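*Asks:* Could you have a look at this structure, given as structure tokens, before my questions?
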Amino acid sequence: MPGSRIDAAGMLQQLMIESSPLIEEYTRELCPGCTDVCCKQKHGIHRERDVIYLGALGIDIPLRDPIRPPEGPCEAIGERGCTHPRWLRPFKCTWYFCDPLLEAMNDGPQKKARLLSRVMTEMIECYDGLKG
Ligand code: SF4
Ligand code: SF4
């Protein structure tokens, strides 16, 4: 368990960097054919704990267009998915697993699924460690 907010933020950033290729092994198969893309403008907003996390890292929150419709596509989405590195996105963008992703984990190699599950637990512990 991280000892301070700065430790929690640093560990969370590192875990997101390290786990991103593993998460993308699933998303690159599923997301290009998705008919109900989850990346809506309202989901790309940094919440209080995301602000604490980036603040502890000394990083500015990415600017957002306040007049974009919340139900429309997130302004950070590009032709090949999110244009932000995972560690800069709101944490929700990483912990949210849609049903097709969960099914792919259940149906695919269990060693890989267990590894991802373990790293998700560690990330959630770090995120909890950022509580105000
Ligand atoms: S994560 Fe799931 S809901 Fe979101 S774009 Fe990919 S397949 Fe679609
Ligand atoms: S993953 Fe990126 S594009 Fe999708 S909602 Fe989050 S910030 Fe927006």
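FYI, nothing fancy with the structure tokens labels: chains A, B, ... in order, residues from 1 per chain, ligands from 1 as they appear.
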Give me the residues within 8 Å of Leu88 of chain A as a list in words, counting only C-alpha atoms and dropping any in the same chain fewer than 3 places off.

*Replies:*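 With the cut-off at 8 Å, the set is Leu54, His84 and Pro85 of chain A.
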
*Asks:* Where in segment 72-111 of chain A does DSSP assign strand (DSSP E or B), given as an MDAnalysis selection string?

*Replies:* chainID A and resid 73 77:78 81:82

*Asks:* Can I get the residues close to ligand 1 as a PyMOL selection string, where close means within 8 Å and we count only C-alpha atoms and all ligand atoms?

*Replies:* chain A and resi 27+30-39+96-101

*Asks:* Taking only C-alpha atoms and all ligand atoms into account, which residues have an atom no farther than 8 Å from ligand 2? I'd like them as a short mmCIF file (atom, residue, chain, number, x, y, z; two decimals) with C-alpha atoms, in the first residue's frame.

*Replies:*
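Below is the file out-v2.cif, written as the result:
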data_model
loop_
_atom_site.label_atom_id
_atom_site.label_comp_id
_atom_site.auth_asym_id
_atom_site.auth_seq_id
_atom_site.Cartn_x
_atom_site.Cartn_y
_atom_site.Cartn_z
CA CYS A 38 -18.21 4.39 -24.41
CA CYS A 39 -15.98 7.46 -24.91
CA LYS A 40 -18.55 10.18 -24.33
CA GLN A 41 -17.61 13.74 -23.43
CA LYS A 42 -19.01 13.34 -19.91
CA HIS A 43 -16.71 10.37 -19.23
CA GLY A 44 -13.55 12.22 -20.19
CA ILE A 45 -13.94 14.76 -17.38
CA PRO A 73 -18.07 11.91 -28.44
CA CYS A 74 -15.26 12.80 -26.04
CA GLU A 75 -13.08 15.54 -27.44
CA ALA A 76 -9.96 13.44 -26.67
CA ILE A 77 -10.94 10.65 -29.03
CA GLY A 78 -9.01 10.36 -32.27
CA GLY A 81 -8.71 5.79 -29.96
CA CYS A 82 -7.87 8.10 -27.09
CA THR A 83 -5.21 10.69 -27.89
CA HIS A 84 -4.10 10.94 -24.23
CA ARG A 86 -3.57 6.25 -20.27
CA ARG A 89 -6.90 10.06 -18.65
CA PRO A 90 -9.50 10.08 -15.90
CA LYS A 92 -12.64 5.83 -14.96
CA CYS A 93 -11.38 5.39 -18.53
CA THR A 94 -9.16 2.57 -17.26
#

*Asks:* Counting only C-alpha atoms, figure out which residue out of A:Phe91, A:Glu25, A:Leu63, A:Val119 gets nearest to Glu48 of chain A.

*Replies:*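 The shortest atom-to-atom distance to Glu48 of chain A comes from A:Phe91.
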
*Asks:* Between atom CA of Lys131 of chain A and atom CA of Arg49 of chain A, measure the distance and give it in Å to one decimal.

*Replies:*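 These two atoms are separated by 6.4 Å.
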
*Asks:* Measuring atom to atom with only C-alpha atoms, identify which of A:Leu57, A:Arg114, A:Asp50, A:Leu130 is nearest to Gly10 of chain A.

*Replies:* A:Leu57

*Asks:* What parts of chain A does DSSP call alpha helix (DSSP H)? I'd like the answer as a PyMOL selection string.

*Replies:* chain A and resi 5-30+48-57+92-95+99-107+110-128

*Asks:* Write out as a VMD selection string each polymer residue whose atoms come within 10 Å of Leu116 of chain A, counting only C-alpha atoms; drop sequence neighbours fewer than 3 positions from it.

*Replies:* chain A and resid 19 to 20 22 to 23 105 110 to 113 119 to 122

*Asks:* What gap, in Å, lies between atom CA of Tyr53 of chain A and atom CA of Arg28 of chain A?

*Replies:*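 Atom CA of Arg28 of chain A lies at a distance of 26.8 Å from atom CA of Tyr53 of chain A.
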
*Asks:* If I take atom CA of Met123 of chain A and atom CA of Leu15 of chain A, how far is one from the other in Å, to one decimal?

*Replies:*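 Computing it gives 6.6 Å between the two atoms.
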
*Asks:* Taking only C-alpha atoms into account, which of A:Glu18, A:Asp128, A:Asp7, A:Asp60 comes nearest His46 of chain A?

*Replies:*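 When distances to His46 of chain A are compared using only C-alpha atoms, the smallest one comes from A:Asp60.
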